[in-house]
Amino acid sequence: MPPMNTPALAGFAALLLTLAACSGPDQPEIHRTEAVAAGDVAISGSWVRAVGEGVRMSAAYGTISNQGDEPDRIVSLASPIAEVVELHESIEQDGRSMMRPVNGLEIPAGDEVILEPGGYHVMLIGVAGPLVEGETYDITITFEKAGDLSVPMMAMSGKSAMTHVGH
Ligand SMILES: [Cu+2]
């Protein structure tokens, strides 16, 4: 590499770092909880939407990967913070954003499934008390093969609003 390029590259790198550092608390990527794993299945970047006192619904997200040679499948969900924990899918129907429960979710072998606003999510119904930003709350995801995976979810107030209209 010619030496004359070095300052420009260094400047570019510094700019990228500055942009990353400027991302506020509305960027869940920066504050998400560490990856946890059970068997071949791991979850990274997990977070739950922070809600105030009296708000009875929230949702949790993350990236579920399967390093194994066979597909695995989410068979059930549970959490002490909500009466009902379901797997949901957000869909567009007649121009409206809707959600519907999903009966299990397959994680293909050597692949990953992303739970994110506007897509698949863990739906928390009957949330007990506020979910305070920066606190972590456990959600247990049970896989057919990998078994129970207890996931600490950090509460975040992401700026992409909950798409729970028409629930
Ligand atoms: Cu939902």
# chains A, B, ... in the order shown; residues from 1 in each chain; ligands from 1
>>> residues_near_ligand(ligand="ligand 1", cutoff="9 Å", atoms="only C-alpha atoms and all ligand atoms", output="PDB file with all heavy atoms, in the first residue's frame")
ATOM      1  N   MET A  57     -48.029  -4.723  27.654  1.00  0.00           N
ATOM      2  CA  MET A  57     -47.446  -5.479  26.545  1.00  0.00           C
ATOM      3  C   MET A  57     -46.050  -4.982  26.213  1.00  0.00           C
ATOM      4  O   MET A  57     -45.768  -3.786  26.267  1.00  0.00           O
ATOM      5  CB  MET A  57     -48.320  -5.370  25.291  1.00  0.00           C
ATOM      6  CG  MET A  57     -49.597  -6.176  25.372  1.00  0.00           C
ATOM      7  SD  MET A  57     -50.223  -6.590  23.734  1.00  0.00           S
ATOM      8  CE  MET A  57     -50.501  -4.971  23.047  1.00  0.00           C
ATOM      9  N   SER A  58     -45.192  -5.923  25.873  1.00  0.00           N
ATOM     10  CA  SER A  58     -43.870  -5.568  25.383  1.00  0.00           C
ATOM     11  C   SER A  58     -43.434  -6.667  24.417  1.00  0.00           C
ATOM     12  O   SER A  58     -44.179  -7.619  24.162  1.00  0.00           O
ATOM     13  CB  SER A  58     -42.887  -5.409  26.536  1.00  0.00           C
ATOM     14  OG  SER A  58     -41.627  -4.974  26.046  1.00  0.00           O
ATOM     15  N   ALA A  59     -42.246  -6.512  23.878  1.00  0.00           N
ATOM     16  CA  ALA A  59     -41.743  -7.512  22.943  1.00  0.00           C
ATOM     17  C   ALA A  59     -40.234  -7.621  23.093  1.00  0.00           C
ATOM     18  O   ALA A  59     -39.571  -6.661  23.494  1.00  0.00           O
ATOM     19  CB  ALA A  59     -42.105  -7.142  21.501  1.00  0.00           C
ATOM     20  N   GLU A  86     -45.442 -15.392  23.949  1.00  0.00           N
ATOM     21  CA  GLU A  86     -45.740 -16.051  22.679  1.00  0.00           C
ATOM     22  C   GLU A  86     -44.742 -15.627  21.615  1.00  0.00           C
ATOM     23  O   GLU A  86     -44.156 -14.538  21.688  1.00  0.00           O
ATOM     24  CB  GLU A  86     -47.142 -15.652  22.179  1.00  0.00           C
ATOM     25  CG  GLU A  86     -48.271 -16.135  23.038  1.00  0.00           C
ATOM     26  CD  GLU A  86     -49.628 -15.673  22.508  1.00  0.00           C
ATOM     27  OE1 GLU A  86     -49.681 -14.703  21.726  1.00  0.00           O
ATOM     28  OE2 GLU A  86     -50.622 -16.286  22.873  1.00  0.00           O
ATOM     29  N   LEU A  87     -44.622 -16.466  20.614  1.00  0.00           N
ATOM     30  CA  LEU A  87     -43.849 -16.116  19.441  1.00  0.00           C
ATOM     31  C   LEU A  87     -44.812 -15.486  18.438  1.00  0.00           C
ATOM     32  O   LEU A  87     -45.865 -16.058  18.150  1.00  0.00           O
ATOM     33  CB  LEU A  87     -43.228 -17.386  18.866  1.00  0.00           C
ATOM     34  CG  LEU A  87     -41.963 -17.274  18.036  1.00  0.00           C
ATOM     35  CD1 LEU A  87     -40.883 -16.525  18.796  1.00  0.00           C
ATOM     36  CD2 LEU A  87     -41.488 -18.678  17.698  1.00  0.00           C
ATOM     37  N   HIS A  88     -44.469 -14.290  17.958  1.00  0.00           N
ATOM     38  CA  HIS A  88     -45.335 -13.591  17.020  1.00  0.00           C
ATOM     39  C   HIS A  88     -44.593 -13.250  15.736  1.00  0.00           C
ATOM     40  O   HIS A  88     -43.367 -13.191  15.718  1.00  0.00           O
ATOM     41  CB  HIS A  88     -45.828 -12.280  17.622  1.00  0.00           C
ATOM     42  CG  HIS A  88     -47.023 -12.425  18.510  1.00  0.00           C
ATOM     43  ND1 HIS A  88     -47.765 -11.342  18.893  1.00  0.00           N
ATOM     44  CD2 HIS A  88     -47.584 -13.517  19.079  1.00  0.00           C
ATOM     45  CE1 HIS A  88     -48.757 -11.763  19.692  1.00  0.00           C
ATOM     46  NE2 HIS A  88     -48.661 -13.076  19.817  1.00  0.00           N
ATOM     47  N   GLU A  89     -45.387 -12.961  14.745  1.00  0.00           N
ATOM     48  CA  GLU A  89     -44.866 -12.516  13.455  1.00  0.00           C
ATOM     49  C   GLU A  89     -45.645 -11.260  13.064  1.00  0.00           C
ATOM     50  O   GLU A  89     -46.871 -11.257  13.137  1.00  0.00           O
ATOM     51  CB  GLU A  89     -45.103 -13.627  12.439  1.00  0.00           C
ATOM     52  CG  GLU A  89     -44.701 -13.313  11.031  1.00  0.00           C
ATOM     53  CD  GLU A  89     -45.058 -14.450  10.082  1.00  0.00           C
ATOM     54  OE1 GLU A  89     -45.994 -15.222  10.388  1.00  0.00           O
ATOM     55  OE2 GLU A  89     -44.419 -14.552   9.046  1.00  0.00           O
ATOM     56  N   SER A  90     -44.928 -10.212  12.699  1.00  0.00           N
ATOM     57  CA  SER A  90     -45.594  -9.009  12.197  1.00  0.00           C
ATOM     58  C   SER A  90     -45.810  -9.154  10.707  1.00  0.00           C
ATOM     59  O   SER A  90     -44.917  -9.581   9.980  1.00  0.00           O
ATOM     60  CB  SER A  90     -44.755  -7.761  12.465  1.00  0.00           C
ATOM     61  OG  SER A  90     -44.669  -7.521  13.851  1.00  0.00           O
ATOM     62  N   MET A  98     -50.035  -5.779  11.228  1.00  0.00           N
ATOM     63  CA  MET A  98     -50.724  -6.673  12.144  1.00  0.00           C
ATOM     64  C   MET A  98     -49.709  -7.658  12.725  1.00  0.00           C
ATOM     65  O   MET A  98     -48.598  -7.775  12.238  1.00  0.00           O
ATOM     66  CB  MET A  98     -51.791  -7.477  11.394  1.00  0.00           C
ATOM     67  CG  MET A  98     -52.617  -6.690  10.411  1.00  0.00           C
ATOM     68  SD  MET A  98     -54.117  -6.065  11.131  1.00  0.00           S
ATOM     69  CE  MET A  98     -55.075  -7.558  11.260  1.00  0.00           C
ATOM     70  N   MET A  99     -50.168  -8.389  13.750  1.00  0.00           N
ATOM     71  CA  MET A  99     -49.326  -9.445  14.300  1.00  0.00           C
ATOM     72  C   MET A  99     -50.157 -10.702  14.430  1.00  0.00           C
ATOM     73  O   MET A  99     -51.357 -10.647  14.611  1.00  0.00           O
ATOM     74  CB  MET A  99     -48.836  -9.098  15.697  1.00  0.00           C
ATOM     75  CG  MET A  99     -48.115  -7.812  15.806  1.00  0.00           C
ATOM     76  SD  MET A  99     -47.346  -7.713  17.419  1.00  0.00           S
ATOM     77  CE  MET A  99     -48.758  -7.804  18.476  1.00  0.00           C
ATOM     78  N   ARG A 100     -49.473 -11.824  14.348  1.00  0.00           N
ATOM     79  CA  ARG A 100     -50.171 -13.079  14.610  1.00  0.00           C
ATOM     80  C   ARG A 100     -49.225 -14.048  15.310  1.00  0.00           C
ATOM     81  O   ARG A 100     -48.014 -14.016  15.078  1.00  0.00           O
ATOM     82  CB  ARG A 100     -50.719 -13.686  13.317  1.00  0.00           C
ATOM     83  CG  ARG A 100     -49.621 -14.076  12.342  1.00  0.00           C
ATOM     84  CD  ARG A 100     -50.231 -14.617  11.061  1.00  0.00           C
ATOM     85  NE  ARG A 100     -49.191 -14.858  10.068  1.00  0.00           N
ATOM     86  CZ  ARG A 100     -49.423 -14.930   8.753  1.00  0.00           C
ATOM     87  NH1 ARG A 100     -50.641 -14.745   8.281  1.00  0.00           N
ATOM     88  NH2 ARG A 100     -48.431 -15.167   7.923  1.00  0.00           N
ATOM     89  N   PRO A 101     -49.799 -14.912  16.167  1.00  0.00           N
ATOM     90  CA  PRO A 101     -48.964 -15.900  16.844  1.00  0.00           C
ATOM     91  C   PRO A 101     -48.399 -16.910  15.840  1.00  0.00           C
ATOM     92  O   PRO A 101     -49.048 -17.241  14.856  1.00  0.00           O
ATOM     93  CB  PRO A 101     -49.937 -16.595  17.809  1.00  0.00           C
ATOM     94  CG  PRO A 101     -51.099 -15.685  17.918  1.00  0.00           C
ATOM     95  CD  PRO A 101     -51.185 -14.963  16.598  1.00  0.00           C
ATOM     96  N   TYR A 120     -40.379 -11.335  13.181  1.00  0.00           N
ATOM     97  CA  TYR A 120     -40.633 -12.231  14.308  1.00  0.00           C
ATOM     98  C   TYR A 120     -40.263 -11.533  15.607  1.00  0.00           C
ATOM     99  O   TYR A 120     -39.308 -10.762  15.660  1.00  0.00           O
ATOM    100  CB  TYR A 120     -39.787 -13.499  14.176  1.00  0.00           C
ATOM    101  CG  TYR A 120     -40.202 -14.416  13.064  1.00  0.00           C
ATOM    102  CD1 TYR A 120     -39.348 -14.678  12.001  1.00  0.00           C
ATOM    103  CD2 TYR A 120     -41.460 -15.033  13.083  1.00  0.00           C
ATOM    104  CE1 TYR A 120     -39.731 -15.530  10.974  1.00  0.00           C
ATOM    105  CE2 TYR A 120     -41.849 -15.888  12.074  1.00  0.00           C
ATOM    106  CZ  TYR A 120     -40.985 -16.139  11.010  1.00  0.00           C
ATOM    107  OH  TYR A 120     -41.351 -16.978  10.014  1.00  0.00           O
ATOM    108  N   HIS A 121     -41.031 -11.797  16.661  1.00  0.00           N
ATOM    109  CA  HIS A 121     -40.675 -11.266  17.967  1.00  0.00           C
ATOM    110  C   HIS A 121     -41.261 -12.137  19.067  1.00  0.00           C
ATOM    111  O   HIS A 121     -42.191 -12.907  18.841  1.00  0.00           O
ATOM    112  CB  HIS A 121     -41.138  -9.816  18.132  1.00  0.00           C
ATOM    113  CG  HIS A 121     -42.608  -9.607  17.857  1.00  0.00           C
ATOM    114  ND1 HIS A 121     -43.100  -9.455  16.583  1.00  0.00           N
ATOM    115  CD2 HIS A 121     -43.674  -9.541  18.687  1.00  0.00           C
ATOM    116  CE1 HIS A 121     -44.413  -9.287  16.638  1.00  0.00           C
ATOM    117  NE2 HIS A 121     -44.798  -9.350  17.901  1.00  0.00           N
ATOM    118  N   VAL A 122     -40.683 -12.020  20.245  1.00  0.00           N
ATOM    119  CA  VAL A 122     -41.243 -12.660  21.433  1.00  0.00           C
ATOM    120  C   VAL A 122     -42.221 -11.668  22.032  1.00  0.00           C
ATOM    121  O   VAL A 122     -41.850 -10.562  22.413  1.00  0.00           O
ATOM    122  CB  VAL A 122     -40.141 -13.009  22.448  1.00  0.00           C
ATOM    123  CG1 VAL A 122     -40.760 -13.518  23.747  1.00  0.00           C
ATOM    124  CG2 VAL A 122     -39.186 -14.054  21.866  1.00  0.00           C
ATOM    125  N   MET A 123     -43.487 -12.051  22.081  1.00  0.00           N
ATOM    126  CA  MET A 123     -44.538 -11.159  22.577  1.00  0.00           C
ATOM    127  C   MET A 123     -44.765 -11.410  24.055  1.00  0.00           C
ATOM    128  O   MET A 123     -44.939 -12.554  24.477  1.00  0.00           O
ATOM    129  CB  MET A 123     -45.824 -11.476  21.804  1.00  0.00           C
ATOM    130  CG  MET A 123     -46.907 -10.474  22.014  1.00  0.00           C
ATOM    131  SD  MET A 123     -46.543  -9.024  21.029  1.00  0.00           S
ATOM    132  CE  MET A 123     -47.246  -7.772  22.085  1.00  0.00           C
ATOM    133  N   LEU A 124     -44.724 -10.350  24.813  1.00  0.00           N
ATOM    134  CA  LEU A 124     -44.963 -10.441  26.258  1.00  0.00           C
ATOM    135  C   LEU A 124     -46.313  -9.800  26.549  1.00  0.00           C
ATOM    136  O   LEU A 124     -46.502  -8.606  26.309  1.00  0.00           O
ATOM    137  CB  LEU A 124     -43.852  -9.727  27.017  1.00  0.00           C
ATOM    138  CG  LEU A 124     -42.432 -10.237  26.746  1.00  0.00           C
ATOM    139  CD1 LEU A 124     -41.396  -9.241  27.239  1.00  0.00           C
ATOM    140  CD2 LEU A 124     -42.218 -11.596  27.392  1.00  0.00           C
ATOM    141  N   ILE A 125     -47.236 -10.584  27.072  1.00  0.00           N
ATOM    142  CA  ILE A 125     -48.591 -10.111  27.347  1.00  0.00           C
ATOM    143  C   ILE A 125     -48.859 -10.257  28.840  1.00  0.00           C
ATOM    144  O   ILE A 125     -48.571 -11.289  29.429  1.00  0.00           O
ATOM    145  CB  ILE A 125     -49.616 -10.916  26.520  1.00  0.00           C
ATOM    146  CG1 ILE A 125     -49.321 -10.760  25.022  1.00  0.00           C
ATOM    147  CG2 ILE A 125     -51.045 -10.468  26.836  1.00  0.00           C
ATOM    148  CD1 ILE A 125     -50.017 -11.782  24.144  1.00  0.00           C
ATOM    149  N   MET A 162     -43.194   0.237  18.725  1.00  0.00           N
ATOM    150  CA  MET A 162     -43.848  -1.073  18.686  1.00  0.00           C
ATOM    151  C   MET A 162     -44.972  -1.066  17.659  1.00  0.00           C
ATOM    152  O   MET A 162     -45.781  -0.156  17.620  1.00  0.00           O
ATOM    153  CB  MET A 162     -44.471  -1.387  20.054  1.00  0.00           C
ATOM    154  CG  MET A 162     -43.655  -2.358  20.853  1.00  0.00           C
ATOM    155  SD  MET A 162     -44.676  -3.135  22.089  1.00  0.00           S
ATOM    156  CE  MET A 162     -44.566  -1.937  23.392  1.00  0.00           C
ATOM    157  N   THR A 163     -44.973  -2.092  16.857  1.00  0.00           N
ATOM    158  CA  THR A 163     -46.010  -2.172  15.822  1.00  0.00           C
ATOM    159  C   THR A 163     -47.115  -3.082  16.312  1.00  0.00           C
ATOM    160  O   THR A 163     -47.368  -4.135  15.765  1.00  0.00           O
ATOM    161  CB  THR A 163     -45.416  -2.712  14.516  1.00  0.00           C
ATOM    162  OG1 THR A 163     -44.700  -3.919  14.822  1.00  0.00           O
ATOM    163  CG2 THR A 163     -44.469  -1.719  13.894  1.00  0.00           C
ATOM    164  N   HIS A 164     -47.775  -2.648  17.366  1.00  0.00           N
ATOM    165  CA  HIS A 164     -48.779  -3.501  17.963  1.00  0.00           C
ATOM    166  C   HIS A 164     -50.192  -3.010  17.689  1.00  0.00           C
ATOM    167  O   HIS A 164     -51.153  -3.478  18.279  1.00  0.00           O
ATOM    168  CB  HIS A 164     -48.539  -3.638  19.463  1.00  0.00           C
ATOM    169  CG  HIS A 164     -47.305  -4.468  19.728  1.00  0.00           C
ATOM    170  ND1 HIS A 164     -46.442  -4.219  20.736  1.00  0.00           N
ATOM    171  CD2 HIS A 164     -46.796  -5.508  19.062  1.00  0.00           C
ATOM    172  CE1 HIS A 164     -45.449  -5.090  20.698  1.00  0.00           C
ATOM    173  NE2 HIS A 164     -45.641  -5.880  19.689  1.00  0.00           N
ATOM    174  N   HIS A 167     -53.568  -5.393  17.183  1.00  0.00           N
ATOM    175  CA  HIS A 167     -53.279  -6.672  17.828  1.00  0.00           C
ATOM    176  C   HIS A 167     -54.574  -7.412  18.138  1.00  0.00           C
ATOM    177  O   HIS A 167     -55.484  -6.821  18.638  1.00  0.00           O
ATOM    178  CB  HIS A 167     -52.486  -6.429  19.109  1.00  0.00           C
ATOM    179  CG  HIS A 167     -51.963  -7.691  19.694  1.00  0.00           C
ATOM    180  ND1 HIS A 167     -51.253  -8.589  18.956  1.00  0.00           N
ATOM    181  CD2 HIS A 167     -52.064  -8.225  20.917  1.00  0.00           C
ATOM    182  CE1 HIS A 167     -50.917  -9.610  19.726  1.00  0.00           C
ATOM    183  NE2 HIS A 167     -51.410  -9.420  20.912  1.00  0.00           N
TER     184      HIS A 167
END
>>> closest_atom_pairs(of="range 26-82 of chain A", to="range 146-154 of chain A", cutoff="9 Å", atoms="only C-alpha atoms", output="CSV")
residue,atom,partner,partner_atom,distance
A:His31,CA,A:Met154,CA,7.6
A:Arg32,CA,A:Met154,CA,6.2
A:Thr33,CA,A:Met154,CA,5.9
A:Glu34,CA,A:Pro152,CA,8.3
A:Ala35,CA,A:Val151,CA,8.4
A:Val36,CA,A:Val151,CA,6.6
A:Ala37,CA,A:Leu149,CA,6.9
A:Ala38,CA,A:Ala146,CA,5.7
A:Gly39,CA,A:Ala146,CA,5.1
A:Asp40,CA,A:Ala146,CA,6.6
A:Val41,CA,A:Ala146,CA,6.5
A:Ala42,CA,A:Leu149,CA,8.5
A:Ile43,CA,A:Val151,CA,7.6
A:Gly45,CA,A:Met153,CA,8.8
A:Ser46,CA,A:Met153,CA,5.6
A:Trp47,CA,A:Met153,CA,4.6
A:Val48,CA,A:Met153,CA,5.6
A:Arg49,CA,A:Met154,CA,8.3
A:Ala50,CA,A:Met154,CA,8.5
A:Ala60,CA,A:Met153,CA,7.5
A:Tyr61,CA,A:Met153,CA,8.5
A:Gly62,CA,A:Met153,CA,8.9
A:Asp72,CA,A:Ala146,CA,7.4
A:Arg73,CA,A:Ala146,CA,8.7
>>> closest_residue(among="A:Ile81, A:Ile91, A:Val102, A:Ile107", to="Asp69 in chain A", atoms="only C-alpha atoms")
A:Ile107
>>> closest_residue(among="A:Ala82, A:Ile141, A:Ala109, A:Val55", to="Gln67 in chain A", atoms="only C-alpha atoms")
A:Ala109
